[in-house]
Every structure is written in structure tokens, then in C-alpha cells.
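Shown below: query.csv, with CSV, C-alpha atoms.
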```csv
chain,number,residue,atom,x,y,z
A,28,MET,CA,-2.7,-47.1,12.4
A,29,THR,CA,-3.9,-45.2,9.3
A,30,ASP,CA,-7.5,-45.6,8.4
A,31,HIS,CA,-8.5,-47.3,5.1
A,32,LEU,CA,-8.9,-44.4,2.6
A,33,ASN,CA,-11.1,-43.9,-0.4
A,34,SER,CA,-8.8,-42.5,-3.1
A,35,ASP,CA,-11.6,-40.1,-4.1
A,36,ASN,CA,-11.3,-38.4,-0.7
A,37,LEU,CA,-7.5,-38.1,-0.6
A,38,CYS,CA,-5.7,-35.1,-2.0
A,39,SER,CA,-2.0,-34.0,-1.9
A,40,VAL,CA,-0.6,-30.5,-1.5
A,41,ASP,CA,2.7,-29.1,-0.4
A,42,ILE,CA,1.4,-27.3,2.7
A,43,ILE,CA,-1.9,-27.3,4.6
A,44,VAL,CA,-2.9,-24.3,6.7
A,45,VAL,CA,-5.7,-24.8,9.2
A,46,GLY,CA,-7.4,-21.5,10.1
A,47,ALA,CA,-8.5,-18.7,7.8
A,48,GLY,CA,-8.2,-15.8,10.2
A,49,LEU,CA,-5.3,-13.3,9.4
A,50,ALA,CA,-2.0,-15.1,9.8
A,51,GLY,CA,-3.0,-18.3,8.1
A,52,PRO,CA,-4.1,-16.6,4.8
A,53,LEU,CA,-1.1,-14.3,5.0
A,54,LEU,CA,1.3,-17.3,5.1
A,55,ALA,CA,-0.6,-18.9,2.3
A,56,GLN,CA,-0.3,-15.8,0.1
A,57,GLY,CA,3.5,-15.7,0.6
A,58,LEU,CA,3.9,-19.4,-0.2
A,59,VAL,CA,1.7,-19.3,-3.2
A,60,ARG,CA,3.7,-16.3,-4.5
A,61,ALA,CA,6.8,-18.6,-4.2
A,62,GLY,CA,5.1,-21.3,-6.3
A,63,LEU,CA,4.0,-23.7,-3.6
A,64,ARG,CA,0.7,-25.5,-3.5
A,65,VAL,CA,-1.2,-24.4,-0.4
A,66,ALA,CA,-4.7,-25.3,0.8
A,67,VAL,CA,-6.4,-23.3,3.6
A,68,TYR,CA,-8.9,-25.2,5.6
A,69,GLU,CA,-11.5,-23.3,7.7
A,70,ARG,CA,-14.1,-24.8,10.0
A,71,GLU,CA,-16.7,-22.0,9.3
A,72,ALA,CA,-19.0,-22.6,6.4
A,73,ALA,CA,-18.5,-19.1,4.9
A,74,VAL,CA,-16.1,-16.1,5.3
A,75,ASP,CA,-18.9,-14.0,6.9
A,76,GLN,CA,-20.5,-16.7,9.0
A,77,ARG,CA,-19.8,-14.9,12.2
A,78,SER,CA,-18.1,-11.7,13.3
A,79,GLN,CA,-14.3,-11.7,13.1
A,80,GLY,CA,-13.7,-8.6,15.1
A,81,TYR,CA,-13.6,-4.9,14.3
A,82,ARG,CA,-10.9,-2.3,14.5
A,83,ILE,CA,-7.5,-3.6,15.1
A,84,HIS,CA,-4.0,-2.1,15.2
A,85,VAL,CA,-1.3,-3.6,13.0
A,86,GLY,CA,2.1,-2.5,14.2
A,87,GLN,CA,5.2,-2.0,12.2
A,88,GLU,CA,6.2,-5.7,12.2
A,89,GLY,CA,2.8,-6.6,11.0
A,90,ASP,CA,3.0,-4.1,8.1
A,91,LEU,CA,6.4,-5.5,7.1
A,92,ALA,CA,4.9,-9.0,7.1
A,93,LEU,CA,2.0,-7.8,4.8
A,94,ARG,CA,4.6,-6.3,2.4
A,95,ALA,CA,6.7,-9.5,2.5
A,96,CYS,CA,3.9,-11.9,1.8
A,97,LEU,CA,1.2,-10.1,-0.3
A,98,PRO,CA,1.3,-9.4,-4.0
A,99,PRO,CA,1.7,-5.6,-4.4
A,100,GLU,CA,-1.8,-5.0,-5.5
A,101,LEU,CA,-3.2,-6.7,-2.4
A,102,TYR,CA,-0.9,-4.8,-0.1
A,103,GLU,CA,-2.0,-1.6,-1.7
A,104,ARG,CA,-5.6,-2.5,-1.2
A,105,ALA,CA,-5.0,-3.3,2.5
A,106,VAL,CA,-3.4,0.2,2.9
A,107,ALA,CA,-6.2,1.9,0.9
A,108,THR,CA,-8.9,0.4,3.1
A,109,SER,CA,-7.2,1.1,6.4
A,110,GLY,CA,-8.4,3.7,8.8
A,111,VAL,CA,-7.2,7.0,10.3
A,112,LEU,CA,-4.5,6.2,12.8
A,113,GLY,CA,-5.0,9.0,15.2
A,114,SER,CA,-2.4,10.7,17.3
A,115,GLY,CA,-2.1,8.5,20.3
A,116,VAL,CA,-3.4,6.2,23.1
A,117,SER,CA,-5.3,7.9,25.9
A,118,PHE,CA,-6.1,6.6,29.4
A,119,LEU,CA,-9.2,8.1,31.0
A,120,ASP,CA,-10.7,7.9,34.5
A,121,PRO,CA,-14.4,7.2,34.9
A,122,GLN,CA,-15.1,10.9,34.7
A,123,LEU,CA,-13.6,10.8,31.2
A,124,GLN,CA,-10.6,13.0,32.2
A,125,VAL,CA,-7.4,12.1,30.5
A,126,VAL,CA,-4.9,10.9,33.1
A,127,HIS,CA,-2.2,9.6,30.7
A,128,ARG,CA,-1.5,9.8,27.0
A,129,LEU,CA,1.0,8.1,24.7
A,130,GLU,CA,1.7,9.9,21.5
A,131,VAL,CA,2.2,7.8,18.4
A,132,PRO,CA,5.4,8.9,16.8
A,133,PRO,CA,5.3,9.5,13.0
A,134,ASP,CA,6.7,6.7,10.9
A,135,SER,CA,10.1,8.2,10.0
A,136,ASP,CA,11.6,5.2,8.2
A,137,ASP,CA,9.4,3.5,5.7
A,138,SER,CA,11.7,0.5,5.6
A,139,ALA,CA,10.9,-0.1,9.3
A,140,GLY,CA,7.2,-0.5,8.5
A,141,GLN,CA,4.2,1.7,9.3
A,142,HIS,CA,1.4,1.6,11.9
A,143,LEU,CA,-1.9,0.7,10.4
A,144,VAL,CA,-5.5,0.7,11.8
A,145,VAL,CA,-7.6,-1.8,9.9
A,146,ASP,CA,-11.1,-3.3,9.9
A,147,ARG,CA,-10.4,-7.0,10.6
A,148,VAL,CA,-13.2,-8.3,8.4
A,149,THR,CA,-12.0,-6.1,5.4
A,150,LEU,CA,-8.4,-7.2,5.8
A,151,ARG,CA,-9.4,-10.8,6.1
A,152,ARG,CA,-11.3,-10.7,2.8
A,153,ILE,CA,-8.2,-9.1,1.2
A,154,LEU,CA,-5.9,-11.8,2.5
A,155,LEU,CA,-8.2,-14.6,1.3
A,156,THR,CA,-8.3,-13.2,-2.3
A,157,GLY,CA,-7.3,-15.9,-4.8
A,158,LEU,CA,-6.5,-18.6,-2.3
A,159,ASP,CA,-7.7,-22.2,-2.3
A,160,VAL,CA,-9.9,-22.1,0.8
A,161,ARG,CA,-11.9,-25.1,1.9
A,162,HIS,CA,-14.7,-23.7,4.1
A,163,GLY,CA,-16.8,-25.9,6.4
A,164,SER,CA,-13.8,-28.3,7.0
A,165,PRO,CA,-13.1,-28.6,10.8
A,166,PHE,CA,-9.8,-30.2,11.6
A,167,GLU,CA,-10.1,-33.6,13.4
A,168,ARG,CA,-6.6,-35.1,13.7
A,169,TYR,CA,-3.3,-35.8,11.9
A,170,GLU,CA,-1.0,-38.7,11.5
A,171,LEU,CA,2.7,-38.6,10.8
A,172,LEU,CA,3.6,-40.8,7.8
A,173,ASP,CA,6.6,-43.0,7.3
A,174,ASP,CA,7.7,-41.0,4.3
A,175,GLY,CA,8.1,-37.8,6.4
A,176,ARG,CA,4.8,-36.2,5.3
A,177,VAL,CA,1.7,-35.7,7.3
A,178,ARG,CA,-1.9,-36.9,6.7
A,179,VAL,CA,-4.7,-34.7,7.9
A,180,PHE,CA,-8.2,-35.7,8.6
A,181,PHE,CA,-11.2,-33.3,8.5
A,182,ALA,CA,-14.8,-33.6,9.5
A,183,GLY,CA,-16.9,-34.9,6.7
A,184,GLY,CA,-14.4,-37.4,5.5
A,185,GLU,CA,-11.9,-35.3,3.6
A,186,VAL,CA,-8.3,-36.4,4.0
A,187,ALA,CA,-5.2,-34.6,2.7
A,188,ASP,CA,-1.5,-35.4,2.7
A,189,ALA,CA,1.1,-32.6,2.8
A,190,ASP,CA,4.7,-31.9,3.4
A,191,LEU,CA,3.7,-29.6,6.3
A,192,LEU,CA,0.7,-28.9,8.4
A,193,VAL,CA,0.5,-25.4,9.9
A,194,ALA,CA,-1.9,-24.6,12.8
A,195,ALA,CA,-3.3,-21.1,12.5
A,196,ASP,CA,-6.5,-22.1,14.2
A,197,GLY,CA,-6.4,-19.8,17.2
A,198,THR,CA,-6.4,-20.1,21.0
A,199,HIS,CA,-8.5,-23.2,20.9
A,200,SER,CA,-6.3,-25.0,18.4
A,201,ARG,CA,-6.9,-28.7,18.2
A,202,ILE,CA,-3.6,-29.1,16.3
A,203,ARG,CA,-1.7,-27.7,19.3
A,204,VAL,CA,-3.5,-30.0,21.6
A,205,GLN,CA,-2.3,-33.0,19.6
A,206,LEU,CA,1.2,-31.7,19.0
A,207,LEU,CA,1.8,-30.1,22.4
A,208,PRO,CA,-0.6,-31.7,24.9
A,209,GLY,CA,1.3,-30.0,27.8
A,210,ALA,CA,0.9,-26.5,26.4
A,211,GLU,CA,-1.4,-24.4,28.7
A,212,VAL,CA,-3.7,-21.6,27.9
A,213,VAL,CA,-4.8,-19.8,31.1
A,214,GLU,CA,-8.0,-17.9,31.8
A,215,THR,CA,-7.3,-14.5,33.4
A,216,GLY,CA,-10.8,-14.3,34.9
A,217,GLN,CA,-11.7,-11.2,32.8
A,218,PHE,CA,-14.8,-11.2,30.7
A,219,LEU,CA,-15.3,-8.9,27.6
A,220,ILE,CA,-18.4,-7.7,25.9
A,221,TYR,CA,-17.7,-5.9,22.6
A,222,GLY,CA,-19.5,-4.4,19.7
A,223,LYS,CA,-19.6,-1.5,17.3
A,224,THR,CA,-21.8,1.6,16.9
A,225,PRO,CA,-22.2,3.4,13.6
A,226,LEU,CA,-20.3,6.7,13.7
A,227,THR,CA,-23.3,9.1,13.3
A,228,PRO,CA,-23.2,12.8,14.3
A,229,ARG,CA,-25.0,11.8,17.5
A,230,VAL,CA,-22.3,9.2,18.3
A,231,ARG,CA,-19.5,11.7,17.6
A,232,ALA,CA,-21.1,14.1,20.0
A,233,LEU,CA,-21.3,11.4,22.7
A,234,ALA,CA,-17.9,9.9,22.3
A,235,PRO,CA,-14.9,11.2,24.3
A,236,ALA,CA,-12.7,13.2,22.1
A,237,ALA,CA,-9.8,10.8,22.7
A,238,ALA,CA,-11.8,8.0,21.2
A,239,LEU,CA,-12.1,9.9,17.9
A,240,ASP,CA,-8.3,10.6,17.8
A,241,GLY,CA,-6.7,7.3,18.3
A,242,PHE,CA,-7.3,4.6,20.9
A,243,SER,CA,-8.7,5.3,24.3
A,244,ILE,CA,-9.5,3.3,27.4
A,245,VAL,CA,-11.6,4.2,30.5
A,246,ASN,CA,-10.2,2.5,33.6
A,247,GLY,CA,-12.2,2.2,36.8
A,248,PRO,CA,-10.6,1.5,40.2
A,249,ASP,CA,-12.6,-1.7,40.6
A,250,GLY,CA,-11.1,-3.6,37.6
A,251,ARG,CA,-13.8,-2.5,35.0
A,252,TYR,CA,-12.4,-0.9,31.8
A,253,MET,CA,-13.8,0.3,28.5
A,254,PRO,CA,-11.7,0.6,25.4
A,255,LEU,CA,-13.2,2.9,22.8
A,256,ALA,CA,-11.8,3.7,19.3
A,257,ALA,CA,-13.2,5.0,16.1
A,258,PHE,CA,-12.6,3.4,12.7
A,259,GLU,CA,-12.7,6.0,10.0
A,260,SER,CA,-11.6,5.0,6.5
A,261,ARG,CA,-8.9,7.4,5.4
A,262,THR,CA,-9.7,7.0,1.7
A,263,GLY,CA,-13.4,6.5,1.8
A,264,THR,CA,-13.0,3.0,0.2
A,265,GLY,CA,-13.5,1.0,3.4
A,266,VAL,CA,-16.5,-0.1,5.4
A,267,GLU,CA,-19.0,2.3,7.1
A,268,ASP,CA,-17.3,4.3,9.8
A,269,TYR,CA,-18.0,3.1,13.3
A,270,LEU,CA,-17.0,3.3,17.0
A,271,MET,CA,-15.7,0.1,18.5
A,272,TRP,CA,-16.3,-0.4,22.2
A,273,VAL,CA,-15.4,-3.1,24.7
A,274,VAL,CA,-16.7,-3.4,28.3
A,275,GLY,CA,-14.3,-5.5,30.3
A,276,VAL,CA,-15.0,-6.7,33.9
A,277,PRO,CA,-13.0,-8.7,36.5
A,278,GLY,CA,-13.9,-12.1,37.7
A,279,SER,CA,-16.1,-10.9,40.5
A,280,LEU,CA,-18.5,-9.4,37.9
A,281,ARG,CA,-18.2,-12.1,35.3
A,282,PRO,CA,-21.4,-14.0,36.3
A,283,VAL,CA,-23.4,-10.8,35.7
A,284,ALA,CA,-21.7,-10.1,32.4
A,285,GLU,CA,-22.1,-13.6,30.9
A,286,SER,CA,-25.7,-14.1,32.1
A,287,ALA,CA,-27.0,-12.8,28.7
A,288,ALA,CA,-27.2,-15.3,25.9
A,289,ASP,CA,-27.6,-13.2,22.8
A,290,GLY,CA,-26.4,-9.9,21.2
A,291,PRO,CA,-29.2,-7.7,22.5
A,292,GLY,CA,-28.9,-9.2,26.0
A,293,LEU,CA,-25.2,-8.8,26.0
A,294,GLN,CA,-25.6,-5.2,24.8
A,295,GLU,CA,-27.9,-4.3,27.6
A,296,ALA,CA,-25.7,-6.1,30.1
A,297,ALA,CA,-22.7,-4.1,28.9
A,298,ALA,CA,-24.6,-0.8,29.3
A,299,GLU,CA,-25.8,-1.8,32.8
A,300,LEU,CA,-22.3,-2.7,33.9
A,301,ILE,CA,-21.2,0.9,33.4
A,302,GLU,CA,-24.4,2.6,34.5
A,303,ASP,CA,-22.6,4.5,37.3
A,304,TRP,CA,-20.2,6.0,34.7
A,305,PRO,CA,-21.2,8.9,32.5
A,306,ALA,CA,-24.5,8.3,30.8
A,307,ALA,CA,-22.9,9.0,27.4
A,308,LEU,CA,-21.0,5.7,27.6
A,309,GLY,CA,-24.0,3.6,28.2
A,310,GLU,CA,-25.9,5.4,25.4
A,311,LEU,CA,-23.0,4.7,23.0
A,312,VAL,CA,-23.4,1.0,23.8
A,313,ARG,CA,-27.2,1.0,23.4
A,314,LEU,CA,-26.9,2.8,20.0
A,315,GLY,CA,-24.8,-0.1,18.8
A,316,ASP,CA,-25.7,-2.7,16.3
A,317,PRO,CA,-27.0,-5.7,18.3
A,318,GLN,CA,-25.8,-8.1,15.7
A,319,SER,CA,-22.2,-6.9,16.3
A,320,VAL,CA,-22.2,-7.6,20.0
A,321,HIS,CA,-20.3,-10.6,21.2
A,322,SER,CA,-18.4,-11.8,24.3
A,323,THR,CA,-15.3,-13.6,25.1
A,324,THR,CA,-12.9,-14.3,28.0
A,325,VAL,CA,-9.3,-13.1,28.2
A,326,ARG,CA,-6.6,-15.8,28.0
A,327,THR,CA,-2.9,-16.0,28.0
A,328,ALA,CA,-0.5,-18.8,27.1
A,329,GLU,CA,2.2,-20.3,29.4
A,330,PRO,CA,5.7,-20.4,27.9
A,331,VAL,CA,6.4,-23.6,26.0
A,332,PRO,CA,9.9,-25.2,25.8
A,333,PRO,CA,11.2,-26.3,22.4
A,334,TRP,CA,9.9,-29.5,21.1
A,335,ARG,CA,11.1,-32.1,18.5
A,336,THR,CA,10.3,-30.7,15.1
A,337,VAL,CA,7.9,-32.7,13.0
A,338,PRO,CA,6.0,-31.8,9.8
A,339,VAL,CA,3.4,-30.0,12.0
A,340,THR,CA,3.9,-26.5,13.4
A,341,VAL,CA,2.0,-23.7,15.0
A,342,MET,CA,1.7,-19.9,14.8
A,343,GLY,CA,-0.2,-16.9,16.2
A,344,ASP,CA,-2.7,-17.5,18.9
A,345,ALA,CA,-2.4,-21.2,18.4
A,346,ILE,CA,0.8,-21.1,20.3
A,347,HIS,CA,1.3,-17.7,22.0
A,348,THR,CA,-2.1,-16.4,22.9
A,349,MET,CA,-1.8,-13.1,24.7
A,350,VAL,CA,-4.1,-10.6,26.4
A,351,PRO,CA,-5.3,-7.9,24.1
A,352,THR,CA,-3.0,-4.9,24.2
A,353,GLY,CA,-2.9,-4.1,20.5
A,354,ASN,CA,0.0,-6.2,19.5
A,355,SER,CA,-1.2,-9.8,18.9
A,356,ALA,CA,-2.2,-9.3,15.3
A,357,ALA,CA,1.2,-8.0,14.3
A,358,VAL,CA,3.1,-10.8,16.1
A,359,ALA,CA,0.9,-13.4,14.4
A,360,MET,CA,1.7,-11.8,11.0
A,361,ARG,CA,5.3,-11.8,11.9
A,362,ASP,CA,5.1,-15.5,12.4
A,363,ALA,CA,3.5,-15.9,9.0
A,364,ALA,CA,6.2,-13.9,7.3
A,365,LEU,CA,9.0,-15.6,9.2
A,366,LEU,CA,7.8,-19.2,8.4
A,367,CYS,CA,7.2,-18.2,4.8
A,368,SER,CA,10.8,-16.9,4.4
A,369,ARG,CA,12.4,-19.9,6.1
A,370,ILE,CA,10.5,-22.3,3.9
A,371,VAL,CA,11.1,-20.3,0.6
A,372,GLU,CA,14.8,-19.7,1.4
A,373,CYS,CA,15.4,-23.3,2.6
A,374,ARG,CA,18.1,-25.2,0.6
A,375,GLY,CA,18.0,-28.3,2.8
A,376,PRO,CA,15.4,-30.4,4.4
A,377,LEU,CA,12.1,-28.7,5.1
A,378,LEU,CA,12.2,-29.7,8.8
A,379,ASP,CA,15.4,-27.6,9.1
A,380,ALA,CA,13.5,-24.5,8.0
A,381,VAL,CA,10.6,-25.3,10.4
A,382,ARG,CA,13.0,-25.9,13.3
A,383,GLU,CA,14.7,-22.5,12.6
A,384,TYR,CA,11.2,-20.8,12.5
A,385,GLU,CA,10.1,-22.4,15.8
A,386,ALA,CA,13.2,-21.4,17.7
A,387,GLU,CA,12.9,-17.8,16.7
A,388,MET,CA,9.2,-17.7,17.0
A,389,LEU,CA,9.2,-19.1,20.6
A,390,ASP,CA,11.7,-16.4,21.6
A,391,TYR,CA,9.9,-13.3,20.4
A,392,GLY,CA,6.4,-14.8,20.7
A,393,PHE,CA,6.6,-15.4,24.4
A,394,ALA,CA,8.5,-12.2,25.0
A,395,ALA,CA,5.4,-10.5,23.4
A,396,VAL,CA,3.1,-12.6,25.7
A,397,ALA,CA,5.1,-11.3,28.8
A,398,GLN,CA,4.9,-7.7,27.5
A,399,SER,CA,1.2,-8.0,27.0
A,400,LEU,CA,0.7,-9.1,30.6
A,401,ARG,CA,2.8,-6.2,31.8
A,402,GLY,CA,0.7,-3.8,29.7
A,403,ALA,CA,-2.5,-5.3,30.9
```
Structure re-expressed in C-alpha cells:
Amino acid sequence: MTDHLNSDNLCSVDIIVVGAGLAGPLLAQGLVRAGLRVAVYEREAAVDQRSQGYRIHVGQEGDLALRACLPPELYERAVATSGVLGSGVSFLDPQLQVVHRLEVPPDSDDSAGQHLVVDRVTLRRILLTGLDVRHGSPFERYELLDDGRVRVFFAGGEVADADLLVAADGTHSRIRVQLLPGAEVVETGQFLIYGKTPLTPRVRALAPAAALDGFSIVNGPDGRYMPLAAFESRTGTGVEDYLMWVVGVPGSLRPVAESAADGPGLQEAAAELIEDWPAALGELVRLGDPQSVHSTTVRTAEPVPPWRTVPVTVMGDAIHTMVPTGNSAAVAMRDAALLCSRIVECRGPLLDAVREYEAEMLDYGFAAVAQSLRGA
């Protein structure tokens, strides 16, 4: 039963997007370009309230999605603030010897998209440019209305009606829980501590050469691993250059890793977890910015069968959470571009466009989840 509403709190838009990460704003940009009214709701009070991650890889399908949805000037800004790609991905042993390397082939066909390395915070700010973003508005629940629309309730009393509600609110999506209560997100048992260290001359001297020329990962025989990658702006218009690092541990070491409660504590815990590895790696961690250090667990989504389409849908980590192997951002952006194109090109009922999107997204999305598990 619909709550009694104060008309002063009720607004009406074409599409509501919940989640102002990357995929949500990208979808909104494409829909706004097509003339639709879109509101983006974000639970955080400000765009920079907390860290949103650091260096990420955007593969070719992600680049194509950026081109499809963004106004040309914003796409150009995204490319201009991107980083040096490097020549490949290197796998190192705990003695920092390269045991395997994957070369990144040059982009030979521009129409197939290019590989980009971006600073996540910088890209997010670009994607939010010019959008109607309602910060400090956590999603609470939705109701399906008799007229085929959806009513969305937010903390603080705001209520909005729309033709479509899109969940871009990540792994812990409350919209997914209501729409698909049987969908499962599974903990893998792995625990990550991550941060960034300014790329000073001292840090350049300490870092493995492979970390300064693409992406590298140190793999131990006991399940510990340490991705390392530099972010260096290729045009000088981005953020300060830095080295991103992650210390990942298996479930057996998780209690040790998560015992620290704050950035400095996590930073010291990360350094101690690799203290039997070359001392340079621990020093790289300790030279990092304590405010940049955070932790998370590694999760993956179980495949979801098709569901009855309603004016509520999901994309990105809200539906196909995957272990981090460098592809999740591009897949989420692909979702945004696909949903945008299906809506904009639709000549029939909106739900037909949403149904087509969901069928295609489930196919490639969970194929990407399976591939990420194999890669991990």
C-alpha cells in the first residue's frame, strides 16, 4: 500500500539512476543527450566523501561505451586525463623475478575502441559533469504503480516517480535485494588492503620495473599476492602521479589483515603481511598516504536466471559482481551504453527495451564473471 505523500516531496522524472559511481553517471549522460529527464541519486553526501578507488583499466568495450554516451568534449577530457598504458601485464615471484608477461597489443582499429588507464576519481568527476545528482539520498525501497511507473522512496522523506528505476548501486545493491531476493553474492574469503604512494624519485627506485611499465602482480605460493601499477598522466593534466598497490591475502590470514581499524593501522598491517618479501615492497607501502589506505573483501556473483521485466533494472556490480581482474569497469560501462541505446532506439513499450537489455546483459555479464574467476 502506498504511503500518504506530501506533494511537496514528490517529483517526477523519466528515469531514476541510483548510484553515482561510473556506470550510473555514464548511463545518465547518454540519456540526457537523448533528451530524457534523468536524476541520479547517491547515498554519499558529497562526491569526494570517501575514496572511490585509484588506477583502473578501461578496456575497449568500456572506451566504446564512453564514446557512445558522453558528449564529445567530456570524452576528450576523459582521454586527456588518462594515464600511460604501459606495455603489458607482468607476473612476478616473491623475489620479484618476472615469471610470465602478457604484452598489450597496440590498438590497430580505432573503431574497436582503445585501452585506457584512468584515475577513478578523476573519471567519476568527469562523468558527473552537468548531471542532476541528488547527494545524501540513500535508497530505501520502491513500489510498482498501477500505471506502469515506479515510485522510489529515499531516506529523508524524498519520493520520486519515474518510468524506470536503474540500480547502479554496486555489490551491496538494496534495489537488487528487493527485485531479485534470490540473487547471491558470494564471499571468496580473500581480503584486500589497498592504497597509493606518491610517485617520487625514491618510490620509482624502489618499485619493480614492471610496475612502472604497465600492471604487475607479485604472487606468493601461499595465496598472498600484491598488484602494483603506476598511474602517470600522459598529458600532465591529470592528478599527481602515484603508485597503486594492493596486498591480498587468503582466508587463513584474513583475521590478521582485518584487525586494524583505520588507514594507518591497515597500512602497517599490509606492510607486515609481506615482511618476508623484499624490503622494498614493504617500504613502498609505508611511504603511502595513510588517508588513501582502505580494505575490502573479494566477492563474486552467482548466475541469475531471467526474471519478469518490470520498470526496475540493474547493471554493473549491482547484478554481476566479479573478482577484480581488470575488466569489471568496462563491463559495467558496456551495460550503461547498451541500456541507453535500447531505451533511446525503442519504438515500442519501454519494458520491451529493458527486456532486450536484460537478456543480452545477463549473457555477457555472467560470462565475464566466469572469466574473472578463471583469471583469478
Exercise: Gly57 of chain A partners within 7 Å, only C-alpha atoms, chain neighbours under 4 positions left out, as a ChimeraX atom specification:
/A:53,61,96-97,367
Quick one: residues within 7 Å of Ala105 of chain A, only C-alpha atoms counted, chain neighbours fewer than 3 positions away excluded, as a list of chain:residue names?
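With the cut-off at 7 Å, the set is A:Leu101, A:Tyr102, A:Thr108, A:Ser109, A:Leu150, A:Ile153.
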Can you tell me which residues surround segment 214-217 of chain A at a distance of at most 7 Å, considering all atoms listed in the file, apart from same-chain residues fewer than 3 positions away, and format the answer as a list in words?
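That gives Gly275, Val276, Pro277, Gly278, Thr324, Val325, Arg326 and Thr327 of chain A.
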What lies within 8 Å of segment 69-72 of chain A using all atoms listed in the file, ignoring chain neighbours under 4 positions off, as an mmCIF file with C-alpha atoms, in the coordinates of the input?
```cif
data_model
loop_
_atom_site.group_PDB
_atom_site.id
_atom_site.type_symbol
_atom_site.label_atom_id
_atom_site.label_comp_id
_atom_site.auth_asym_id
_atom_site.auth_seq_id
_atom_site.Cartn_x
_atom_site.Cartn_y
_atom_site.Cartn_z
ATOM 1 C CA VAL A 45 -5.700 -24.800 9.200
ATOM 2 C CA GLY A 46 -7.400 -21.500 10.100
ATOM 3 C CA ALA A 47 -8.500 -18.700 7.800
ATOM 4 C CA GLN A 76 -20.500 -16.700 9.000
ATOM 5 C CA VAL A 160 -9.900 -22.100 0.800
ATOM 6 C CA ARG A 161 -11.900 -25.100 1.900
ATOM 7 C CA HIS A 162 -14.700 -23.700 4.100
ATOM 8 C CA GLY A 163 -16.800 -25.900 6.400
ATOM 9 C CA SER A 164 -13.800 -28.300 7.000
ATOM 10 C CA PRO A 165 -13.100 -28.600 10.800
ATOM 11 C CA PHE A 166 -9.800 -30.200 11.600
#
```
Point-to-point distance from atom CA of Ala95 of chain A to atom CA of Pro351 of chain A, Å rounded to tenths:
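That distance, rounded to one decimal, is 24.8 Å.
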Residue list as a PyMOL selection string for point (1.2, 6.5, 19.6), cut-off 10 Å, all atoms listed in the file:
chain A and resi 112-117+128-133+142+241-242
For the selection you just gave me, I'd like the residues written to a file as a compact mmCIF listing (two decimals), in the coordinates of the input, keeping C-alpha atoms.
```txt
# COMPACT_ATOMS: atom_id res chain seq x y z
CA LEU A 112 -4.50 6.20 12.80
CA GLY A 113 -5.00 9.00 15.20
CA SER A 114 -2.40 10.70 17.30
CA GLY A 115 -2.10 8.50 20.30
CA VAL A 116 -3.40 6.20 23.10
CA SER A 117 -5.30 7.90 25.90
CA ARG A 128 -1.50 9.80 27.00
CA LEU A 129 1.00 8.10 24.70
CA GLU A 130 1.70 9.90 21.50
CA VAL A 131 2.20 7.80 18.40
CA PRO A 132 5.40 8.90 16.80
CA PRO A 133 5.30 9.50 13.00
CA HIS A 142 1.40 1.60 11.90
CA GLY A 241 -6.70 7.30 18.30
CA PHE A 242 -7.30 4.60 20.90
```
